[in-house]
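Undergrad: Pasting start06.txt here (compact mmCIF, C-alpha atoms):
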```txt
# COMPACT_ATOMS: atom_id res chain seq x y z
CA MET B 19 9.40 -34.01 -47.03
CA LYS B 20 6.52 -31.51 -46.62
CA THR B 21 4.85 -33.79 -44.07
CA ASN B 22 8.00 -33.92 -41.93
CA MET B 23 8.35 -30.15 -42.11
CA TRP B 24 4.76 -29.65 -40.89
CA LYS B 25 5.27 -32.22 -38.14
CA THR B 26 8.39 -30.34 -37.02
CA ILE B 27 6.57 -27.00 -37.04
CA PHE B 28 3.62 -28.51 -35.16
CA LEU B 29 5.91 -30.11 -32.59
CA THR B 30 7.86 -26.87 -32.10
CA VAL B 31 4.69 -24.81 -31.62
CA SER B 32 3.30 -27.43 -29.22
CA LEU B 33 6.48 -27.38 -27.14
CA LEU B 34 6.47 -23.58 -27.00
CA LEU B 35 2.83 -23.50 -25.91
CA THR B 36 3.46 -26.19 -23.29
CA ALA B 37 6.45 -24.28 -21.91
CA SER B 38 4.36 -21.10 -21.79
CA VAL B 39 1.54 -22.83 -19.90
CA ALA B 40 4.00 -24.51 -17.52
CA SER B 41 5.64 -21.20 -16.61
CA ALA B 42 2.23 -19.58 -16.07
CA ASP B 43 1.33 -22.44 -13.71
CA ASP B 44 4.34 -21.67 -11.52
CA TRP B 45 2.37 -18.76 -10.01
CA LYS B 46 0.45 -19.74 -6.87
CA THR B 47 -2.94 -18.07 -6.31
CA GLU B 48 -3.69 -16.40 -2.99
CA GLY B 49 -7.01 -14.53 -3.24
CA ARG B 50 -6.55 -11.78 -5.80
CA TYR B 51 -2.76 -12.28 -5.84
CA LYS B 52 -0.52 -14.50 -7.96
CA ILE B 53 2.67 -15.32 -6.06
CA LYS B 54 5.98 -16.62 -7.33
CA ASP B 55 9.23 -16.43 -5.40
CA GLY B 56 9.82 -12.82 -4.35
CA LEU B 57 7.10 -11.37 -6.62
CA VAL B 58 3.37 -10.73 -6.30
CA LYS B 59 1.02 -9.96 -9.20
CA ASP B 60 -2.18 -8.19 -8.21
CA THR B 61 -4.91 -9.44 -10.56
CA LYS B 62 -7.21 -6.58 -9.47
CA THR B 63 -4.84 -3.70 -10.31
CA GLY B 64 -2.48 -5.38 -12.81
CA LEU B 65 0.54 -4.30 -10.76
CA MET B 66 3.56 -6.40 -9.79
CA TRP B 67 4.95 -5.92 -6.27
CA MET B 68 8.07 -7.00 -4.45
CA ARG B 69 7.02 -9.38 -1.68
CA CYS B 70 9.56 -7.98 0.77
CA SER B 71 10.01 -4.45 2.02
CA LEU B 72 13.27 -2.86 0.93
CA GLY B 73 16.08 -3.97 3.22
CA GLN B 74 14.64 -7.46 3.56
CA LYS B 75 15.71 -10.42 1.41
CA TRP B 76 13.51 -13.16 -0.04
CA ASP B 77 15.00 -16.51 1.08
CA GLY B 78 12.72 -18.76 -0.98
CA SER B 79 9.98 -19.01 1.64
CA THR B 80 9.76 -15.70 3.51
CA CYS B 81 11.26 -12.23 3.92
CA GLN B 82 14.34 -12.20 6.13
CA GLY B 83 16.08 -9.35 7.91
CA GLU B 84 15.05 -5.88 8.92
CA ALA B 85 13.21 -3.54 6.60
CA THR B 86 14.95 -0.21 6.02
CA ARG B 87 13.43 3.18 6.87
CA TYR B 88 13.88 6.05 4.43
CA SER B 89 13.16 9.74 4.29
CA TRP B 90 10.83 10.51 1.38
CA GLU B 91 13.69 11.91 -0.70
CA LYS B 92 15.81 8.76 -0.18
CA ALA B 93 12.75 6.60 -0.89
CA MET B 94 12.26 8.32 -4.23
CA GLU B 95 15.94 7.69 -5.10
CA ALA B 96 15.87 4.00 -4.07
CA PRO B 97 14.51 2.58 -7.36
CA GLU B 98 17.15 4.37 -9.47
CA GLN B 99 19.53 1.80 -11.01
CA PHE B 100 17.67 -0.91 -9.04
CA GLU B 101 17.23 -4.40 -10.49
CA TYR B 102 15.22 -7.20 -8.92
CA ALA B 103 14.10 -10.47 -10.53
CA SER B 104 15.53 -9.22 -13.87
CA TYR B 105 13.27 -6.14 -13.85
CA LYS B 106 14.73 -2.63 -13.82
CA ASP B 107 11.50 -0.58 -13.90
CA TRP B 108 10.65 -0.64 -10.18
CA ARG B 109 9.21 2.54 -8.68
CA VAL B 110 7.67 3.94 -5.51
CA PRO B 111 3.90 3.32 -5.61
CA SER B 112 1.33 6.11 -5.75
CA HIS B 113 -0.94 6.69 -2.74
CA ASP B 114 -3.84 4.82 -4.39
CA GLU B 115 -1.60 1.91 -5.43
CA LEU B 116 -0.16 1.53 -1.93
CA LYS B 117 -3.57 1.94 -0.29
CA SER B 118 -4.88 -0.91 -2.48
CA LEU B 119 -2.70 -3.31 -0.42
CA ALA B 120 -4.38 -2.39 2.88
CA GLN B 121 -6.65 -5.22 3.98
CA CYS B 122 -9.03 -4.87 6.88
CA SER B 123 -9.63 -8.64 7.32
CA GLY B 124 -12.66 -8.92 9.65
CA GLY B 125 -13.12 -5.17 9.89
CA GLN B 126 -14.28 -2.70 7.29
CA PRO B 127 -12.52 0.38 5.98
CA ASN B 128 -13.90 3.38 7.80
CA LYS B 129 -13.85 6.66 5.87
CA LEU B 130 -12.62 9.09 8.50
CA ASP B 131 -13.15 12.09 6.25
CA LYS B 132 -12.98 12.85 2.54
CA TRP B 133 -9.20 12.34 2.46
CA HIS B 134 -8.34 9.20 4.40
CA SER B 135 -9.64 6.06 6.07
CA GLN B 136 -8.50 3.23 8.30
CA CYS B 137 -9.67 -0.26 9.23
CA ASP B 138 -12.63 -0.36 11.58
CA GLY B 139 -13.90 -3.09 13.87
CA ASP B 140 -12.10 -6.32 14.66
CA TYR B 141 -9.16 -6.64 12.25
CA ALA B 142 -5.81 -8.40 12.27
CA SER B 143 -2.63 -6.35 12.34
CA PRO B 144 -0.69 -5.88 10.13
CA THR B 145 -3.41 -4.97 7.66
CA ILE B 146 -1.86 -6.62 4.61
CA VAL B 147 -2.18 -10.16 3.24
CA GLN B 148 0.71 -11.84 5.09
CA THR B 149 0.81 -14.89 2.80
CA ALA B 150 1.52 -12.56 -0.12
CA PHE B 151 3.65 -10.02 1.78
CA PRO B 152 5.27 -11.86 4.72
CA GLN B 153 7.07 -10.07 7.55
CA THR B 154 5.62 -6.68 6.58
CA PRO B 155 6.24 -4.21 9.39
CA GLY B 156 3.00 -2.92 10.91
CA SER B 157 4.05 0.67 10.36
CA TRP B 158 4.21 3.53 7.85
CA PHE B 159 5.13 3.04 4.16
CA TRP B 160 5.89 5.84 1.69
CA SER B 161 3.97 6.58 -1.46
CA SER B 162 5.22 8.80 -4.27
CA SER B 163 2.13 11.02 -4.02
CA PRO B 164 2.64 14.52 -2.69
CA GLU B 165 0.00 15.95 -0.39
CA THR B 166 -2.09 18.77 -1.78
CA ASP B 167 -2.86 21.83 0.34
CA ASP B 168 -6.57 20.93 0.38
CA TRP B 169 -6.04 18.39 3.14
CA PHE B 170 -4.47 20.92 5.51
CA TRP B 171 -7.36 23.37 5.42
CA SER B 172 -9.27 21.03 7.73
CA PHE B 173 -6.69 21.56 10.50
CA PRO B 174 -6.30 24.95 12.21
CA PHE B 175 -2.84 26.33 12.95
CA THR B 176 -1.14 23.93 10.55
CA THR B 177 2.23 24.92 9.19
CA PHE B 178 2.72 24.04 5.57
CA GLY B 179 5.69 22.00 4.48
CA ASP B 180 6.62 19.23 2.14
CA PHE B 181 4.31 16.30 2.82
CA SER B 182 3.59 13.05 1.00
CA TRP B 183 1.06 10.30 1.64
CA VAL B 184 1.92 7.28 3.76
CA VAL B 185 -0.06 4.13 4.57
CA ASN B 186 0.18 2.40 7.94
CA PHE B 187 -0.05 -1.39 7.70
CA SER B 188 -0.82 -1.69 11.41
CA ASN B 189 -4.32 -0.27 11.02
CA GLY B 190 -4.77 0.73 7.35
CA LEU B 191 -4.62 4.46 8.15
CA ASP B 192 -3.38 6.76 5.38
CA VAL B 193 -2.28 10.33 6.09
CA PRO B 194 0.21 12.88 4.77
CA SER B 195 3.61 12.78 6.47
CA ASP B 196 6.47 15.24 6.57
CA ARG B 197 9.03 14.16 3.98
CA ASP B 198 11.79 14.36 6.59
CA ASP B 199 10.09 11.61 8.62
CA SER B 200 11.15 8.01 8.07
CA ALA B 201 9.00 5.20 6.71
CA TYR B 202 9.38 1.84 5.03
CA LEU B 203 9.23 1.19 1.31
CA ARG B 204 7.79 -1.48 -0.97
CA LEU B 205 8.44 -1.15 -4.69
CA VAL B 206 6.01 -1.78 -7.53
CA ARG B 207 6.08 -1.98 -11.32
CA ASN B 208 3.44 -2.11 -14.00
CA GLY B 209 2.75 -5.82 -14.50
CA GLN B 210 2.55 -7.80 -17.71
```
Would you write out, as structure tokens, the structure that this file holds?

TA:
Amino acid sequence: MKTNMWKTIFLTVSLLLTASVASADDWKTEGRYKIKDGLVKDTKTGLMWMRCSLGQKWDGSTCQGEATRYSWEKAMEAPEQFEYASYKDWRVPSHDELKSLAQCSGGQPNKLDKWHSQCDGDYASPTIVQTAFPQTPGSWFWSSSPETDDWFWSFPFTTFGDFSWVVNFSNGLDVPSDRDDSAYLRLVRNGQ
């Protein structure tokens, strides 16, 4: 009787481990990214991203439809009560998190000054890994990071307002933008 019990326990544990390994193998590797359906895990940062920009739909092979533009205020409200792939903890990425997605391909990031940079040299546009993030508009995307006044002191005659950082996936440029402007949005969550 004890032998059968141990065999049953061993078989159950083996099946659980096999199922766990099988589900982990469902993720396809693309450089530093693990991709599965409409999700991307970044092995460098530990973050999980939605493959599509908000407004687009994952159809099983690519992002379909038009991405939606938001003011910063509407972008910050977008993740509220939002559920995707059974996760409810999506949020707008910080400036550094969003900037980590910018890829300069053949070119190198060029530090324009102490605040921002863009891709330099011969690079492909959009400046994001298309196999991980297909159909990404080559345009501005919101971050949740407000701009600090330090940045503006480098520009004479600047009027102060409410600004937050954006990243442009056409050329990798990141700058503060007026919160009333419109930009696209890609949501992120802390990965497991």

Undergrad: Determine the nearest neighbour of B:Asp192 from the options B:Ser118, B:Ser143, B:Ser157, B:Gln136, counting only C-alpha atoms.

TA: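 Closest to B:Asp192 of all the choices is B:Gln136.
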
Undergrad: When you look at B:Gly156 with a cut-off of 7 Å (counting only C-alpha atoms), what residues show up, excluding the ones that are within fewer than 2 positions of it in the same chain? I need them as JSON, numbers by chain.

TA: {"B": [143, 144, 154, 186, 187, 188]}

Undergrad: Excluding stretch 82-89 of chain B and its own-chain neighbours fewer than 6 positions away, which residues fall within 10 Å of it when counting only C-alpha atoms? Please give them as a short mmCIF file (atom, residue, chain, number, x, y, z; two decimals) with C-alpha atoms, in the frame of the given file.

TA:
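Below is the file that was written, result25.cif:
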```
data_model
loop_
_atom_site.label_atom_id
_atom_site.label_comp_id
_atom_site.auth_asym_id
_atom_site.auth_seq_id
_atom_site.Cartn_x
_atom_site.Cartn_y
_atom_site.Cartn_z
CA CYS B 70 9.56 -7.98 0.77
CA SER B 71 10.01 -4.45 2.02
CA LEU B 72 13.27 -2.86 0.93
CA GLY B 73 16.08 -3.97 3.22
CA GLN B 74 14.64 -7.46 3.56
CA LYS B 75 15.71 -10.42 1.41
CA TRP B 76 13.51 -13.16 -0.04
CA GLU B 95 15.94 7.69 -5.10
CA ALA B 96 15.87 4.00 -4.07
CA PRO B 152 5.27 -11.86 4.72
CA GLN B 153 7.07 -10.07 7.55
CA THR B 154 5.62 -6.68 6.58
CA PRO B 155 6.24 -4.21 9.39
CA TRP B 158 4.21 3.53 7.85
CA PHE B 159 5.13 3.04 4.16
CA TRP B 160 5.89 5.84 1.69
CA ASP B 196 6.47 15.24 6.57
CA ARG B 197 9.03 14.16 3.98
CA ASP B 198 11.79 14.36 6.59
CA ASP B 199 10.09 11.61 8.62
CA SER B 200 11.15 8.01 8.07
CA ALA B 201 9.00 5.20 6.71
CA TYR B 202 9.38 1.84 5.03
CA LEU B 203 9.23 1.19 1.31
CA ARG B 204 7.79 -1.48 -0.97
#
```

Undergrad: Would you mind telling me which residue in B:Thr47, B:Ser195, B:Thr80, B:Asn189 lies nearest to B:Met68 when using all atoms listed in the file?

TA: B:Thr80

Undergrad: Mind checking which residues fall within 12 Å of B:Tyr105, counting all atoms listed in the file, ignoring those fewer than 4 positions away in the same chain, and posting them as JSON, numbers by chain?

TA: {"B": [57, 66, 67, 68, 97, 99, 100, 101, 109, 205, 206, 207, 208, 209, 210]}

Undergrad: Show me, as a list in words, the residues that have an atom within 7 Å of B:Ile146 when counting only C-alpha atoms, minus same-chain residues fewer than 3 positions from it.

TA: Leu119, Ala120, Gln121 and Phe187 of chain B
